[in-house]
Amino acid sequence: MTEGVSASTELTAMNIAEILKSLPHRYPFLMIDKIIKIDGDETAVGIKNVTFNEPIFQGHFPENPIFPGVLIIEGMAQTAGAIVIKHDAGGGKKNIVLMLGVDKAKFRKPAGPGDVIEFHIAKIQRRRNVGRYEAKAMVDGAIIAEAEITAMIIEATA
């Protein structure tokens with residue numbers, strides 16, 4: 001059982017179509033392919049399939065392709081944002097999530113083509129429209145990066 005998830009909790013998921021409805025990000029800046037094990041806005045696992053065809057590898061680095069750490073952080077933030085938007089969708093308003101801060105970021109191992117990055121997100125706290133989330137990026141069960149992400153939910157203007 002996932003830590004922090006009770007036995008009575010029904011976990012859900014988001015496919016790419018649902019993610020595109022929740023987030024304004026599009027190719028080449030959408031960093032998640034699907035989200036699994038969603039428990040409201042409490043926890044979730046986002047999935048990023050890293051392929052050599054991604055434009056970032058033309059320059060980072062052609063001879064030794066490494067998925068940039070800043071994009072790993074972005075994938076963590078997008079996973080948290082998508083579950084918040086899904087959780088809050090009942091009010092009829094269209095919201096977006098803006099990243100306010102990244103704290104305690106650590107990069108432990110690189111990721112590259114062929115890797116499947118899992119973004120494990122857990123809510124630390126949320127007060128009204130500001131949330132704080134613990135995030136870990138994992139490949140094959142090993143933590144490759146971690147951070148605490150703070151985000152603000154605002155009403156979309158367009």
# chains A, B, ... in the order shown; residues from 1 in each chain; ligands from 1
call {"tool": "select_by_dssp", "arguments": {"residues": "stretch 62-145 of chain A", "states": "alpha helix (DSSP H)", "output": "ChimeraX atom specification"}}
result
/A:69-88
call {"tool": "residues_around", "arguments": {"residues": "stretch 105-117 of chain A", "least_positions_apart": "3", "cutoff": "8 Å", "atoms": "only C-alpha atoms", "output": "list in words"}}
result
Ile47, Lys48, Asn49, Val50, Thr51, Phe52, Pro65, Ile66, Phe67, Gly69, Val102, Ala137, Met138, Val139, Asp140, Ile143, Ile144, Ala145, Glu146, Ala147 and Glu148 of chain A
call {"tool": "closest_residue", "arguments": {"among": "A:Ile83, A:Leu30, A:Ile153, A:Ala142", "to": "A:Arg127", "atoms": "only C-alpha atoms"}}
result
A:Ile153
call {"tool": "atom_distance", "arguments": {"atom1": "atom CA of A:Glu134", "atom2": "atom CA of A:Ala122"}}
result
5.2 Å
call {"tool": "residues_around", "arguments": {"residues": "A:Ile16", "least_positions_apart": "5", "cutoff": "12 Å", "atoms": "only C-alpha atoms", "output": "list in words"}}
result
Lys21, Ser22, Leu23, His25, Arg26, Tyr27, Leu30, Met31, Ile32, Asp33, Lys34, Ile35, Ile36, Gly46, Ile47, Lys48, Thr79 and Ala82 of chain A
call {"tool": "atom_distance", "arguments": {"atom1": "atom CA of A:Glu18", "atom2": "atom CA of A:Ile121"}}
result
17.9 Å
call {"tool": "closest_residue", "arguments": {"among": "A:Lys37, A:Ala156, A:Ile72, A:Pro28", "to": "A:Pro55", "atoms": "only C-alpha atoms"}}
result
A:Pro28
call {"tool": "atom_distance", "arguments": {"atom1": "atom CA of A:Asp41", "atom2": "atom CA of A:Ile124"}}
result
10.4 Å
call {"tool": "select_by_dssp", "arguments": {"residues": "chain A", "states": "strand (DSSP E or B)", "output": "NGL selection string"}}
result
:A and (12-14 or 34-39 or 43-49 or 95-107 or 116-127 or 130-139 or 142-155)
call {"tool": "write_last_selection", "arguments": {"atoms": "C-alpha atoms", "output": "PDB file, in the first residue's frame"}}
result
ATOM      1  CA  THR A  12      -7.750   7.100 -10.147  1.00  0.00           C
ATOM      2  CA  ALA A  13      -5.620   7.960 -13.178  1.00  0.00           C
ATOM      3  CA  MET A  14      -5.356  10.542 -15.966  1.00  0.00           C
ATOM      4  CA  LYS A  34       0.036   9.915 -17.933  1.00  0.00           C
ATOM      5  CA  ILE A  35      -0.680  10.056 -14.229  1.00  0.00           C
ATOM      6  CA  ILE A  36      -1.466   6.968 -12.163  1.00  0.00           C
ATOM      7  CA  LYS A  37      -2.410   6.284  -8.554  1.00  0.00           C
ATOM      8  CA  ILE A  38      -4.136   9.633  -8.001  1.00  0.00           C
ATOM      9  CA  ASP A  39      -5.598  10.116  -4.518  1.00  0.00           C
ATOM     10  CA  THR A  43      -0.673  11.865  -3.874  1.00  0.00           C
ATOM     11  CA  ALA A  44      -0.031  10.741  -7.430  1.00  0.00           C
ATOM     12  CA  VAL A  45       2.564   9.252  -9.744  1.00  0.00           C
ATOM     13  CA  GLY A  46       3.230  10.956 -13.076  1.00  0.00           C
ATOM     14  CA  ILE A  47       4.925   9.050 -15.891  1.00  0.00           C
ATOM     15  CA  LYS A  48       7.395  10.464 -18.444  1.00  0.00           C
ATOM     16  CA  ASN A  49       8.684   8.165 -21.186  1.00  0.00           C
ATOM     17  CA  ASN A  95      -7.848  27.268 -13.185  1.00  0.00           C
ATOM     18  CA  ILE A  96      -4.145  27.092 -13.895  1.00  0.00           C
ATOM     19  CA  VAL A  97      -1.279  26.379 -11.532  1.00  0.00           C
ATOM     20  CA  LEU A  98       1.831  28.575 -11.351  1.00  0.00           C
ATOM     21  CA  MET A  99       5.069  27.430  -9.751  1.00  0.00           C
ATOM     22  CA  LEU A 100       6.080  29.745  -6.910  1.00  0.00           C
ATOM     23  CA  GLY A 101       9.156  27.985  -5.614  1.00  0.00           C
ATOM     24  CA  VAL A 102      11.448  24.996  -5.619  1.00  0.00           C
ATOM     25  CA  ASP A 103      13.225  24.099  -2.390  1.00  0.00           C
ATOM     26  CA  LYS A 104      15.565  21.316  -1.298  1.00  0.00           C
ATOM     27  CA  ALA A 105      16.228  20.240  -4.903  1.00  0.00           C
ATOM     28  CA  LYS A 106      18.764  17.433  -5.252  1.00  0.00           C
ATOM     29  CA  PHE A 107      19.840  15.530  -8.343  1.00  0.00           C
ATOM     30  CA  VAL A 116      10.693   5.867 -17.680  1.00  0.00           C
ATOM     31  CA  ILE A 117      10.680   8.614 -15.076  1.00  0.00           C
ATOM     32  CA  GLU A 118       8.083   8.342 -12.315  1.00  0.00           C
ATOM     33  CA  PHE A 119       7.200  11.610 -10.580  1.00  0.00           C
ATOM     34  CA  HIS A 120       5.985  10.704  -7.067  1.00  0.00           C
ATOM     35  CA  ILE A 121       4.028  13.615  -5.595  1.00  0.00           C
ATOM     36  CA  ALA A 122       2.720  13.996  -2.033  1.00  0.00           C
ATOM     37  CA  LYS A 123       0.930  17.056  -0.670  1.00  0.00           C
ATOM     38  CA  ILE A 124       2.649  18.603   2.333  1.00  0.00           C
ATOM     39  CA  GLN A 125      -0.020  21.272   2.864  1.00  0.00           C
ATOM     40  CA  ARG A 126      -2.505  23.414   1.020  1.00  0.00           C
ATOM     41  CA  ARG A 127      -4.026  26.656   2.216  1.00  0.00           C
ATOM     42  CA  VAL A 130      -1.279  27.817  -2.396  1.00  0.00           C
ATOM     43  CA  GLY A 131      -0.001  24.263  -2.103  1.00  0.00           C
ATOM     44  CA  ARG A 132       3.308  22.698  -1.139  1.00  0.00           C
ATOM     45  CA  TYR A 133       4.292  19.263  -2.481  1.00  0.00           C
ATOM     46  CA  GLU A 134       7.068  16.771  -1.828  1.00  0.00           C
ATOM     47  CA  ALA A 135       8.286  15.378  -5.150  1.00  0.00           C
ATOM     48  CA  LYS A 136      10.619  12.522  -6.047  1.00  0.00           C
ATOM     49  CA  ALA A 137      11.657  11.449  -9.526  1.00  0.00           C
ATOM     50  CA  MET A 138      12.475   7.766  -9.845  1.00  0.00           C
ATOM     51  CA  VAL A 139      13.813   5.473 -12.566  1.00  0.00           C
ATOM     52  CA  ALA A 142      15.918   4.507  -7.689  1.00  0.00           C
ATOM     53  CA  ILE A 143      15.503   8.174  -6.748  1.00  0.00           C
ATOM     54  CA  ILE A 144      17.152  10.348  -9.391  1.00  0.00           C
ATOM     55  CA  ALA A 145      15.925  13.739  -8.115  1.00  0.00           C
ATOM     56  CA  GLU A 146      13.832  15.243  -5.359  1.00  0.00           C
ATOM     57  CA  ALA A 147      12.457  18.637  -4.385  1.00  0.00           C
ATOM     58  CA  GLU A 148       9.713  20.499  -2.558  1.00  0.00           C
ATOM     59  CA  ILE A 149       7.517  22.488  -4.932  1.00  0.00           C
ATOM     60  CA  THR A 150       5.252  25.384  -4.001  1.00  0.00           C
ATOM     61  CA  ALA A 151       2.504  26.380  -6.419  1.00  0.00           C
ATOM     62  CA  MET A 152      -0.380  28.820  -6.614  1.00  0.00           C
ATOM     63  CA  ILE A 153      -3.767  28.048  -8.202  1.00  0.00           C
ATOM     64  CA  ILE A 154      -5.269  31.003 -10.107  1.00  0.00           C
ATOM     65  CA  GLU A 155      -8.269  31.461 -12.373  1.00  0.00           C
TER      66      GLU A 155
END
call {"tool": "decode", "arguments": {"residues": "stretch 70-155 of chain A", "atoms": "C-alpha atoms", "output": "compact mmCIF listing (two decimals), in the first residue's frame"}}
result
# COMPACT_ATOMS: atom_id res chain seq x y z
CA VAL A 70 15.23 21.49 -14.75
CA LEU A 71 12.81 19.48 -16.94
CA ILE A 72 12.62 16.79 -14.26
CA ILE A 73 11.57 19.52 -11.80
CA GLU A 74 9.04 20.75 -14.39
CA GLY A 75 7.61 17.21 -14.70
CA MET A 76 7.19 17.07 -10.93
CA ALA A 77 5.41 20.44 -10.95
CA GLN A 78 3.16 19.47 -13.87
CA THR A 79 2.13 16.27 -12.11
CA ALA A 80 1.20 18.20 -8.95
CA GLY A 81 -0.59 20.86 -11.00
CA ALA A 82 -2.63 18.36 -12.99
CA ILE A 83 -3.95 16.56 -9.89
CA VAL A 84 -4.83 19.88 -8.23
CA ILE A 85 -6.75 21.03 -11.34
CA LYS A 86 -8.53 17.65 -11.55
CA HIS A 87 -9.39 17.79 -7.84
CA ASP A 88 -10.69 21.37 -8.01
CA ALA A 89 -12.59 21.00 -11.33
CA GLY A 90 -16.06 20.86 -9.75
CA GLY A 91 -16.57 24.62 -9.41
CA GLY A 92 -17.01 25.33 -13.12
CA LYS A 93 -14.03 27.72 -13.17
CA LYS A 94 -10.98 27.01 -15.32
CA ASN A 95 -7.85 27.27 -13.18
CA ILE A 96 -4.15 27.09 -13.89
CA VAL A 97 -1.28 26.38 -11.53
CA LEU A 98 1.83 28.57 -11.35
CA MET A 99 5.07 27.43 -9.75
CA LEU A 100 6.08 29.74 -6.91
CA GLY A 101 9.16 27.98 -5.61
CA VAL A 102 11.45 25.00 -5.62
CA ASP A 103 13.22 24.10 -2.39
CA LYS A 104 15.56 21.32 -1.30
CA ALA A 105 16.23 20.24 -4.90
CA LYS A 106 18.76 17.43 -5.25
CA PHE A 107 19.84 15.53 -8.34
CA ARG A 108 21.23 12.07 -7.70
CA LYS A 109 21.47 10.28 -11.05
CA PRO A 110 20.94 11.24 -14.70
CA ALA A 111 18.04 10.04 -16.86
CA GLY A 112 18.22 9.52 -20.59
CA PRO A 113 16.58 7.93 -23.62
CA GLY A 114 14.81 4.68 -22.79
CA ASP A 115 14.17 5.62 -19.17
CA VAL A 116 10.69 5.87 -17.68
CA ILE A 117 10.68 8.61 -15.08
CA GLU A 118 8.08 8.34 -12.31
CA PHE A 119 7.20 11.61 -10.58
CA HIS A 120 5.99 10.70 -7.07
CA ILE A 121 4.03 13.61 -5.59
CA ALA A 122 2.72 14.00 -2.03
CA LYS A 123 0.93 17.06 -0.67
CA ILE A 124 2.65 18.60 2.33
CA GLN A 125 -0.02 21.27 2.86
CA ARG A 126 -2.50 23.41 1.02
CA ARG A 127 -4.03 26.66 2.22
CA ARG A 128 -6.67 28.13 -0.07
CA ASN A 129 -4.89 28.65 -3.38
CA VAL A 130 -1.28 27.82 -2.40
CA GLY A 131 0.00 24.26 -2.10
CA ARG A 132 3.31 22.70 -1.14
CA TYR A 133 4.29 19.26 -2.48
CA GLU A 134 7.07 16.77 -1.83
CA ALA A 135 8.29 15.38 -5.15
CA LYS A 136 10.62 12.52 -6.05
CA ALA A 137 11.66 11.45 -9.53
CA MET A 138 12.47 7.77 -9.85
CA VAL A 139 13.81 5.47 -12.57
CA ASP A 140 13.68 1.71 -12.02
CA GLY A 141 12.91 2.22 -8.32
CA ALA A 142 15.92 4.51 -7.69
CA ILE A 143 15.50 8.17 -6.75
CA ILE A 144 17.15 10.35 -9.39
CA ALA A 145 15.93 13.74 -8.12
CA GLU A 146 13.83 15.24 -5.36
CA ALA A 147 12.46 18.64 -4.39
CA GLU A 148 9.71 20.50 -2.56
CA ILE A 149 7.52 22.49 -4.93
CA THR A 150 5.25 25.38 -4.00
CA ALA A 151 2.50 26.38 -6.42
CA MET A 152 -0.38 28.82 -6.61
CA ILE A 153 -3.77 28.05 -8.20
CA ILE A 154 -5.27 31.00 -10.11
CA GLU A 155 -8.27 31.46 -12.37
